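run_21.pdb, holding PDB, N, CA and C atoms:
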```pdb
ATOM      1  N   MET A 267      14.667  15.169   4.123
ATOM      2  CA  MET A 267      14.226  13.950   3.466
ATOM      3  C   MET A 267      14.299  14.184   1.952
ATOM      4  N   LYS A 268      14.900  13.234   1.272
ATOM      5  CA  LYS A 268      15.036  13.330  -0.172
ATOM      6  C   LYS A 268      14.120  12.369  -0.914
ATOM      7  N   LEU A 269      13.810  11.247  -0.277
ATOM      8  CA  LEU A 269      12.978  10.226  -0.912
ATOM      9  C   LEU A 269      11.916   9.755   0.068
ATOM     10  N   PHE A 270      10.682   9.737  -0.403
ATOM     11  CA  PHE A 270       9.575   9.150   0.352
ATOM     12  C   PHE A 270       9.144   7.919  -0.407
ATOM     13  N   LEU A 271       9.171   6.784   0.257
ATOM     14  CA  LEU A 271       8.752   5.524  -0.343
ATOM     15  C   LEU A 271       7.510   5.045   0.386
ATOM     16  N   GLY A 272       6.447   4.801  -0.353
ATOM     17  CA  GLY A 272       5.209   4.314   0.238
ATOM     18  C   GLY A 272       4.861   2.941  -0.293
ATOM     19  N   LEU A 273       4.537   2.035   0.614
ATOM     20  CA  LEU A 273       4.099   0.687   0.253
ATOM     21  C   LEU A 273       2.775   0.419   0.931
ATOM     22  N   ASP A 274       1.853  -0.137   0.200
ATOM     23  CA  ASP A 274       0.602  -0.603   0.793
ATOM     24  C   ASP A 274       0.092  -1.757  -0.046
ATOM     25  N   VAL A 275      -0.268  -2.828   0.599
ATOM     26  CA  VAL A 275      -0.757  -4.001  -0.120
ATOM     27  C   VAL A 275      -2.212  -3.812  -0.557
ATOM     28  N   ASP A 276      -2.904  -2.873   0.044
ATOM     29  CA  ASP A 276      -4.301  -2.586  -0.301
ATOM     30  C   ASP A 276      -4.338  -1.552  -1.427
ATOM     31  N   PRO A 277      -4.769  -1.940  -2.627
ATOM     32  CA  PRO A 277      -4.785  -0.991  -3.743
ATOM     33  C   PRO A 277      -5.692   0.215  -3.512
ATOM     34  N   VAL A 278      -6.750   0.052  -2.741
ATOM     35  CA  VAL A 278      -7.653   1.172  -2.446
ATOM     36  C   VAL A 278      -6.935   2.185  -1.557
ATOM     37  N   ALA A 279      -6.277   1.708  -0.510
ATOM     38  CA  ALA A 279      -5.525   2.595   0.386
ATOM     39  C   ALA A 279      -4.376   3.270  -0.367
ATOM     40  N   HIS A 280      -3.743   2.534  -1.260
ATOM     41  CA  HIS A 280      -2.644   3.087  -2.062
ATOM     42  C   HIS A 280      -3.137   4.241  -2.928
ATOM     43  N   GLU A 281      -4.279   4.062  -3.551
ATOM     44  CA  GLU A 281      -4.848   5.107  -4.410
ATOM     45  C   GLU A 281      -5.189   6.363  -3.597
ATOM     46  N   ILE A 282      -5.762   6.174  -2.421
ATOM     47  CA  ILE A 282      -6.099   7.297  -1.552
ATOM     48  C   ILE A 282      -4.828   8.021  -1.111
ATOM     49  N   ALA A 283      -3.805   7.257  -0.748
ATOM     50  CA  ALA A 283      -2.538   7.853  -0.314
ATOM     51  C   ALA A 283      -1.893   8.649  -1.446
ATOM     52  N   GLN A 284      -1.911   8.112  -2.656
ATOM     53  CA  GLN A 284      -1.339   8.839  -3.799
ATOM     54  C   GLN A 284      -2.034  10.188  -3.999
ATOM     55  N   ALA A 285      -3.343  10.206  -3.892
ATOM     56  CA  ALA A 285      -4.093  11.456  -4.063
ATOM     57  C   ALA A 285      -3.717  12.455  -2.974
ATOM     58  N   ARG A 286      -3.566  11.998  -1.747
ATOM     59  CA  ARG A 286      -3.197  12.902  -0.644
ATOM     60  C   ARG A 286      -1.778  13.433  -0.819
ATOM     61  N   ILE A 287      -0.870  12.564  -1.227
ATOM     62  CA  ILE A 287       0.521  12.988  -1.430
ATOM     63  C   ILE A 287       0.594  14.027  -2.550
ATOM     64  N   LYS A 288      -0.091  13.771  -3.650
ATOM     65  CA  LYS A 288      -0.098  14.728  -4.761
ATOM     66  C   LYS A 288      -0.699  16.056  -4.323
ATOM     67  N   GLY A 289      -1.734  16.009  -3.505
ATOM     68  CA  GLY A 289      -2.355  17.231  -3.006
ATOM     69  C   GLY A 289      -1.413  18.040  -2.136
ATOM     70  N   ASP A 290      -0.559  17.367  -1.367
ATOM     71  CA  ASP A 290       0.404  18.067  -0.517
ATOM     72  C   ASP A 290       1.583  18.611  -1.319
ATOM     73  N   LEU A 291       2.025  17.873  -2.333
ATOM     74  CA  LEU A 291       3.182  18.293  -3.120
ATOM     75  C   LEU A 291       2.817  19.258  -4.237
ATOM     76  N   TYR A 292       1.585  19.167  -4.729
ATOM     77  CA  TYR A 292       1.132  20.029  -5.820
ATOM     78  C   TYR A 292      -0.121  20.796  -5.383
ATOM     79  N   PRO A 293      -0.019  21.630  -4.354
ATOM     80  CA  PRO A 293      -1.230  22.272  -3.835
ATOM     81  C   PRO A 293      -1.902  23.227  -4.815
ATOM     82  N   ASP A 294      -1.146  23.817  -5.725
ATOM     83  CA  ASP A 294      -1.787  24.715  -6.678
ATOM     84  C   ASP A 294      -1.973  24.049  -8.037
ATOM     85  N   CYS A 295      -2.082  22.722  -8.011
ATOM     86  CA  CYS A 295      -2.464  21.902  -9.162
ATOM     87  C   CYS A 295      -1.363  21.675 -10.188
ATOM     88  N   CYS A 296      -0.445  22.571 -10.345
ATOM     89  CA  CYS A 296       0.529  22.403 -11.418
ATOM     90  C   CYS A 296       1.972  22.600 -10.958
ATOM     91  N   LYS A 297       2.194  23.403  -9.961
ATOM     92  CA  LYS A 297       3.545  23.761  -9.552
ATOM     93  C   LYS A 297       4.055  22.791  -8.487
ATOM     94  N   PHE A 298       5.210  22.198  -8.747
ATOM     95  CA  PHE A 298       5.834  21.276  -7.797
ATOM     96  C   PHE A 298       6.467  22.102  -6.694
ATOM     97  N   THR A 299       6.113  21.839  -5.442
ATOM     98  CA  THR A 299       6.556  22.684  -4.335
ATOM     99  C   THR A 299       7.608  22.036  -3.448
ATOM    100  N   SER A 300       8.199  20.940  -3.894
ATOM    101  CA  SER A 300       9.155  20.244  -3.045
ATOM    102  C   SER A 300      10.210  19.546  -3.898
ATOM    103  N   ASP A 301      11.392  19.375  -3.303
ATOM    104  CA  ASP A 301      12.448  18.598  -3.951
ATOM    105  C   ASP A 301      12.334  17.124  -3.586
ATOM    106  N   LEU A 302      11.344  16.809  -2.819
ATOM    107  CA  LEU A 302      11.141  15.437  -2.361
ATOM    108  C   LEU A 302      10.777  14.522  -3.533
ATOM    109  N   GLN A 303      11.481  13.413  -3.637
ATOM    110  CA  GLN A 303      11.162  12.396  -4.638
ATOM    111  C   GLN A 303      10.192  11.406  -3.985
ATOM    112  N   VAL A 304       9.072  11.135  -4.634
ATOM    113  CA  VAL A 304       8.038  10.263  -4.072
ATOM    114  C   VAL A 304       7.842   9.056  -4.985
ATOM    115  N   LYS A 305       7.885   7.880  -4.369
ATOM    116  CA  LYS A 305       7.617   6.635  -5.092
ATOM    117  C   LYS A 305       6.663   5.809  -4.236
ATOM    118  N   THR A 306       5.576   5.373  -4.834
ATOM    119  CA  THR A 306       4.626   4.535  -4.108
ATOM    120  C   THR A 306       4.370   3.262  -4.899
ATOM    121  N   PHE A 307       4.118   2.193  -4.162
ATOM    122  CA  PHE A 307       3.927   0.881  -4.780
ATOM    123  C   PHE A 307       2.817   0.119  -4.072
ATOM    124  N   VAL A 308       2.055  -0.654  -4.826
ATOM    125  CA  VAL A 308       1.142  -1.628  -4.233
ATOM    126  C   VAL A 308       2.005  -2.863  -3.997
ATOM    127  N   ASN A 309       2.410  -3.039  -2.755
ATOM    128  CA  ASN A 309       3.323  -4.121  -2.420
ATOM    129  C   ASN A 309       3.260  -4.348  -0.920
ATOM    130  N   ASN A 310       3.673  -5.497  -0.491
ATOM    131  CA  ASN A 310       3.680  -5.870   0.916
ATOM    132  C   ASN A 310       4.947  -5.348   1.584
ATOM    133  N   PHE A 311       4.820  -4.908   2.845
ATOM    134  CA  PHE A 311       5.985  -4.417   3.587
ATOM    135  C   PHE A 311       7.094  -5.464   3.669
ATOM    136  N   LYS A 312       6.733  -6.739   3.614
ATOM    137  CA  LYS A 312       7.751  -7.787   3.705
ATOM    138  C   LYS A 312       8.713  -7.735   2.521
ATOM    139  N   ASN A 313       8.334  -7.038   1.459
ATOM    140  CA  ASN A 313       9.174  -6.935   0.263
ATOM    141  C   ASN A 313       9.965  -5.632   0.201
ATOM    142  N   ILE A 314      10.059  -4.915   1.318
ATOM    143  CA  ILE A 314      10.695  -3.598   1.296
ATOM    144  C   ILE A 314      12.147  -3.665   0.836
ATOM    145  N   LYS A 315      12.856  -4.705   1.207
ATOM    146  CA  LYS A 315      14.258  -4.820   0.814
ATOM    147  C   LYS A 315      14.400  -4.880  -0.709
ATOM    148  N   SER A 316      13.584  -5.678  -1.369
ATOM    149  CA  SER A 316      13.674  -5.782  -2.828
ATOM    150  C   SER A 316      13.179  -4.508  -3.506
ATOM    151  N   VAL A 317      12.165  -3.843  -2.939
ATOM    152  CA  VAL A 317      11.672  -2.586  -3.506
ATOM    153  C   VAL A 317      12.768  -1.528  -3.425
ATOM    154  N   LEU A 318      13.433  -1.428  -2.276
ATOM    155  CA  LEU A 318      14.535  -0.473  -2.129
ATOM    156  C   LEU A 318      15.658  -0.787  -3.109
ATOM    157  N   HIS A 319      15.965  -2.054  -3.262
ATOM    158  CA  HIS A 319      17.021  -2.475  -4.182
ATOM    159  C   HIS A 319      16.663  -2.116  -5.625
ATOM    160  N   ASP A 320      15.403  -2.275  -5.996
ATOM    161  CA  ASP A 320      14.964  -1.938  -7.350
ATOM    162  C   ASP A 320      15.067  -0.439  -7.622
ATOM    163  N   ILE A 321      14.871   0.381  -6.597
ATOM    164  CA  ILE A 321      14.972   1.831  -6.753
ATOM    165  C   ILE A 321      16.432   2.239  -6.942
ATOM    166  N   ASP A 322      17.289   1.735  -6.048
ATOM    167  CA  ASP A 322      18.712   2.076  -6.103
ATOM    168  C   ASP A 322      19.470   1.078  -5.243
ATOM    169  N   GLU A 323      20.372   0.348  -5.857
ATOM    170  CA  GLU A 323      21.125  -0.687  -5.139
ATOM    171  C   GLU A 323      21.940  -0.119  -3.983
ATOM    172  N   LYS A 324      22.328   1.144  -4.072
ATOM    173  CA  LYS A 324      23.186   1.764  -3.052
ATOM    174  C   LYS A 324      22.407   2.676  -2.107
ATOM    175  N   LEU A 325      21.094   2.609  -2.172
ATOM    176  CA  LEU A 325      20.249   3.479  -1.363
ATOM    177  C   LEU A 325      20.446   3.198   0.121
ATOM    178  N   LEU A 326      20.726   4.244   0.876
ATOM    179  CA  LEU A 326      20.856   4.137   2.322
ATOM    180  C   LEU A 326      19.598   4.708   2.957
ATOM    181  N   VAL A 327      19.084   4.026   3.957
ATOM    182  CA  VAL A 327      17.850   4.426   4.619
ATOM    183  C   VAL A 327      18.177   4.992   5.995
ATOM    184  N   ASP A 328      17.656   6.187   6.268
ATOM    185  CA  ASP A 328      17.872   6.819   7.570
ATOM    186  C   ASP A 328      16.798   6.443   8.578
ATOM    187  N   GLY A 329      15.635   6.053   8.103
ATOM    188  CA  GLY A 329      14.559   5.694   9.012
ATOM    189  C   GLY A 329      13.398   5.074   8.266
ATOM    190  N   ILE A 330      12.600   4.330   8.996
ATOM    191  CA  ILE A 330      11.424   3.677   8.423
ATOM    192  C   ILE A 330      10.258   3.886   9.385
ATOM    193  N   LEU A 331       9.134   4.313   8.847
ATOM    194  CA  LEU A 331       7.899   4.452   9.603
ATOM    195  C   LEU A 331       6.886   3.525   8.964
ATOM    196  N   MET A 332       6.348   2.596   9.742
ATOM    197  CA  MET A 332       5.379   1.632   9.196
ATOM    198  C   MET A 332       4.071   1.702   9.970
ATOM    199  N   ASP A 333       2.995   1.694   9.233
ATOM    200  CA  ASP A 333       1.663   1.572   9.807
ATOM    201  C   ASP A 333       1.169   0.201   9.363
ATOM    202  N   LEU A 334       1.252  -0.756  10.246
ATOM    203  CA  LEU A 334       0.949  -2.139   9.886
ATOM    204  C   LEU A 334      -0.461  -2.566  10.275
ATOM    205  N   GLY A 335      -1.241  -1.656  10.768
ATOM    206  CA  GLY A 335      -2.568  -2.013  11.241
ATOM    207  C   GLY A 335      -3.632  -1.930  10.165
ATOM    208  N   MET A 336      -4.812  -2.312  10.562
ATOM    209  CA  MET A 336      -5.979  -2.210   9.682
ATOM    210  C   MET A 336      -6.626  -0.853   9.905
ATOM    211  N   SER A 337      -7.400  -0.418   8.931
ATOM    212  CA  SER A 337      -8.100   0.853   9.071
ATOM    213  C   SER A 337      -9.606   0.609   9.111
ATOM    214  N   SER A 338     -10.322   1.607   9.578
ATOM    215  CA  SER A 338     -11.783   1.497   9.603
ATOM    216  C   SER A 338     -12.322   1.370   8.186
ATOM    217  N   MET A 339     -11.597   1.902   7.201
ATOM    218  CA  MET A 339     -12.007   1.776   5.801
ATOM    219  C   MET A 339     -12.133   0.298   5.418
ATOM    220  N   GLN A 340     -11.271  -0.533   5.946
ATOM    221  CA  GLN A 340     -11.309  -1.963   5.632
ATOM    222  C   GLN A 340     -12.329  -2.694   6.505
ATOM    223  N   VAL A 341     -12.382  -2.368   7.787
ATOM    224  CA  VAL A 341     -13.251  -3.082   8.726
ATOM    225  C   VAL A 341     -14.725  -2.712   8.533
ATOM    226  N   ASN A 342     -15.004  -1.459   8.265
ATOM    227  CA  ASN A 342     -16.399  -1.002   8.187
ATOM    228  C   ASN A 342     -17.096  -1.387   6.887
ATOM    229  N   ASN A 343     -16.346  -1.776   5.891
ATOM    230  CA  ASN A 343     -16.933  -2.158   4.606
ATOM    231  C   ASN A 343     -17.133  -3.678   4.595
ATOM    232  N   ALA A 344     -18.380  -4.129   4.703
ATOM    233  CA  ALA A 344     -18.680  -5.566   4.785
ATOM    234  C   ALA A 344     -18.165  -6.323   3.564
ATOM    235  N   GLU A 345     -18.129  -5.671   2.423
ATOM    236  CA  GLU A 345     -17.665  -6.326   1.194
ATOM    237  C   GLU A 345     -16.176  -6.673   1.239
ATOM    238  N   ARG A 346     -15.421  -6.019   2.138
ATOM    239  CA  ARG A 346     -13.994  -6.300   2.242
ATOM    240  C   ARG A 346     -13.734  -7.598   3.007
ATOM    241  N   GLY A 347     -14.725  -8.093   3.754
ATOM    242  CA  GLY A 347     -14.602  -9.386   4.409
ATOM    243  C   GLY A 347     -13.924  -9.386   5.763
ATOM    244  N   PHE A 348     -13.718  -8.218   6.380
ATOM    245  CA  PHE A 348     -13.110  -8.148   7.709
ATOM    246  C   PHE A 348     -14.148  -8.005   8.816
ATOM    247  N   SER A 349     -15.346  -7.597   8.468
ATOM    248  CA  SER A 349     -16.357  -7.281   9.471
ATOM    249  C   SER A 349     -16.940  -8.535  10.115
ATOM    250  N   VAL A 350     -17.072  -8.494  11.432
ATOM    251  CA  VAL A 350     -17.766  -9.568  12.147
ATOM    252  C   VAL A 350     -19.178  -9.121  12.510
ATOM    253  N   LEU A 351     -19.502  -7.872  12.242
ATOM    254  CA  LEU A 351     -20.811  -7.324  12.572
ATOM    255  C   LEU A 351     -21.771  -7.318  11.383
ATOM    256  N   ASN A 352     -21.239  -7.427  10.163
ATOM    257  CA  ASN A 352     -22.059  -7.354   8.955
ATOM    258  C   ASN A 352     -21.790  -8.563   8.076
ATOM    259  N   ASN A 353     -22.810  -8.956   7.319
ATOM    260  CA  ASN A 353     -22.637 -10.057   6.379
ATOM    261  C   ASN A 353     -21.833  -9.595   5.175
ATOM    262  N   GLY A 354     -20.950 -10.463   4.728
ATOM    263  CA  GLY A 354     -20.135 -10.160   3.549
ATOM    264  C   GLY A 354     -19.375 -11.404   3.146
ATOM    265  N   PRO A 355     -18.690 -11.354   2.030
ATOM    266  CA  PRO A 355     -17.935 -12.515   1.567
ATOM    267  C   PRO A 355     -16.714 -12.782   2.446
ATOM    268  N   LEU A 356     -16.259 -14.012   2.454
ATOM    269  CA  LEU A 356     -15.023 -14.355   3.129
ATOM    270  C   LEU A 356     -13.879 -13.770   2.308
ATOM    271  N   ASP A 357     -13.127 -12.904   2.907
ATOM    272  CA  ASP A 357     -12.017 -12.287   2.193
ATOM    273  C   ASP A 357     -10.851 -12.138   3.145
ATOM    274  N   MET A 358     -10.943 -11.198   4.050
ATOM    275  CA  MET A 358      -9.953 -10.980   5.109
ATOM    276  C   MET A 358      -8.545 -10.775   4.569
ATOM    277  N   ARG A 359      -8.442 -10.172   3.405
ATOM    278  CA  ARG A 359      -7.137  -9.827   2.840
ATOM    279  C   ARG A 359      -7.122  -8.336   2.533
ATOM    280  N   MET A 360      -5.961  -7.767   2.623
ATOM    281  CA  MET A 360      -5.824  -6.351   2.317
ATOM    282  C   MET A 360      -6.023  -6.084   0.826
ATOM    283  N   ASN A 361      -5.641  -7.042  -0.006
ATOM    284  CA  ASN A 361      -5.847  -6.880  -1.445
ATOM    285  C   ASN A 361      -7.208  -7.481  -1.785
ATOM    286  N   PRO A 362      -8.203  -6.642  -2.040
ATOM    287  CA  PRO A 362      -9.560  -7.146  -2.259
ATOM    288  C   PRO A 362      -9.733  -7.898  -3.576
ATOM    289  N   GLN A 363      -8.695  -7.945  -4.395
ATOM    290  CA  GLN A 363      -8.819  -8.610  -5.683
ATOM    291  C   GLN A 363      -8.582 -10.113  -5.592
ATOM    292  N   VAL A 364      -8.084 -10.580  -4.450
ATOM    293  CA  VAL A 364      -7.861 -12.011  -4.225
ATOM    294  C   VAL A 364      -8.508 -12.367  -2.898
ATOM    295  N   THR A 365      -9.438 -13.313  -2.890
ATOM    296  CA  THR A 365     -10.115 -13.676  -1.645
ATOM    297  C   THR A 365      -9.396 -14.836  -0.970
ATOM    298  N   ALA A 366      -9.562 -14.925   0.340
ATOM    299  CA  ALA A 366      -8.977 -16.035   1.084
ATOM    300  C   ALA A 366      -9.580 -17.351   0.613
ATOM    301  N   ALA A 367     -10.873 -17.345   0.323
ATOM    302  CA  ALA A 367     -11.538 -18.564  -0.138
ATOM    303  C   ALA A 367     -10.949 -19.029  -1.472
ATOM    304  N   THR A 368     -10.735 -18.115  -2.393
ATOM    305  CA  THR A 368     -10.149 -18.457  -3.690
ATOM    306  C   THR A 368      -8.731 -18.958  -3.521
ATOM    307  N   SER A 369      -7.963 -18.281  -2.693
ATOM    308  CA  SER A 369      -6.571 -18.658  -2.470
ATOM    309  C   SER A 369      -6.467 -20.035  -1.827
ATOM    310  N   LEU A 370      -7.306 -20.310  -0.838
ATOM    311  CA  LEU A 370      -7.304 -21.605  -0.165
ATOM    312  C   LEU A 370      -7.692 -22.706  -1.148
ATOM    313  N   TRP A 371      -8.735 -22.476  -1.912
ATOM    314  CA  TRP A 371      -9.219 -23.478  -2.874
ATOM    315  C   TRP A 371      -8.129 -23.803  -3.901
ATOM    316  N   SER A 372      -7.478 -22.777  -4.454
ATOM    317  CA  SER A 372      -6.466 -23.009  -5.490
ATOM    318  C   SER A 372      -5.219 -23.694  -4.915
ATOM    319  N   SER A 373      -4.926 -23.485  -3.634
ATOM    320  CA  SER A 373      -3.754 -24.128  -3.048
ATOM    321  C   SER A 373      -4.005 -25.588  -2.735
ATOM    322  N   MET A 374      -5.270 -26.005  -2.684
ATOM    323  CA  MET A 374      -5.606 -27.387  -2.376
ATOM    324  C   MET A 374      -5.476 -28.279  -3.609
ATOM    325  N   PHE A 375      -5.548 -27.691  -4.792
ATOM    326  CA  PHE A 375      -5.555 -28.499  -6.019
ATOM    327  C   PHE A 375      -4.443 -28.111  -6.954
TER     328      PHE A 375
END
```
Would you kindly transcribe this structure into structure tokens?
Amino acid sequence: MKLFLGLDVDPVAHEIAQARIKGDLYPDCCKFTSDLQVKTFVNNFKNIKSVLHDIDEKLLVDGILMDLGMSSMQVNNAERGFSVLNNGPLDMRMNPQVTAATSLWSSMF
């Protein structure tokens, strides 16, 4: 593998993933231990074609691994708006910076 491309629409999950990737590639804090090129983006998987094109128009992909599910990090935090067991704001979006209520309201007017 020469290039690892990571996409996540949730900025919190993206930040956690970046820290884990850096920890694996730079285990002794300063020395790069791999020839692997890593690029991560806060973006939706539906935009993968344009993200790949922006990286390199001639980029060929050998495989894609996608984790499209929700995590307990999102469901267990009532403030994220996914929980049906705890009180919290209406959100239900992976990007916690835009709420479903705000998006619905702005699309009506």
*So which residues touch region 269-271 of chain A within 7 Å, counting only C-alpha atoms, skipping near sequence neighbours fewer than 2 positions away, as a ChimeraX atom specification?*
/A:267,273,302-306
*asked:* Between atom C of Asn309 (chain A) and atom N of Pro355 (chain A), what is the distance in Å, rounded to a tenth?
replied: 23.2 Å
*Find the distance between atom C of Met358 (chain A) and CA of Arg346 (chain A) and write it in Å to one decimal.*
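Taking atom C of Met358 (chain A) and CA of Arg346 (chain A), their separation equals 7.4 Å.
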*Separation of atom C of Gly272 (chain A) from CA of Ile287 (chain A) in Å*: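 Between these atoms lies a distance of 11.0 Å.
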*For Pro277 (chain A), work out the shell of residues within 7 Å, counting only N, CA and C atoms and skipping chain neighbours fewer than 5 positions away, then give it as a list in words.*
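Counting only N, CA and C atoms, the residues come to Ile282, Val308, Met360, Asn361 and Pro362 of chain A.
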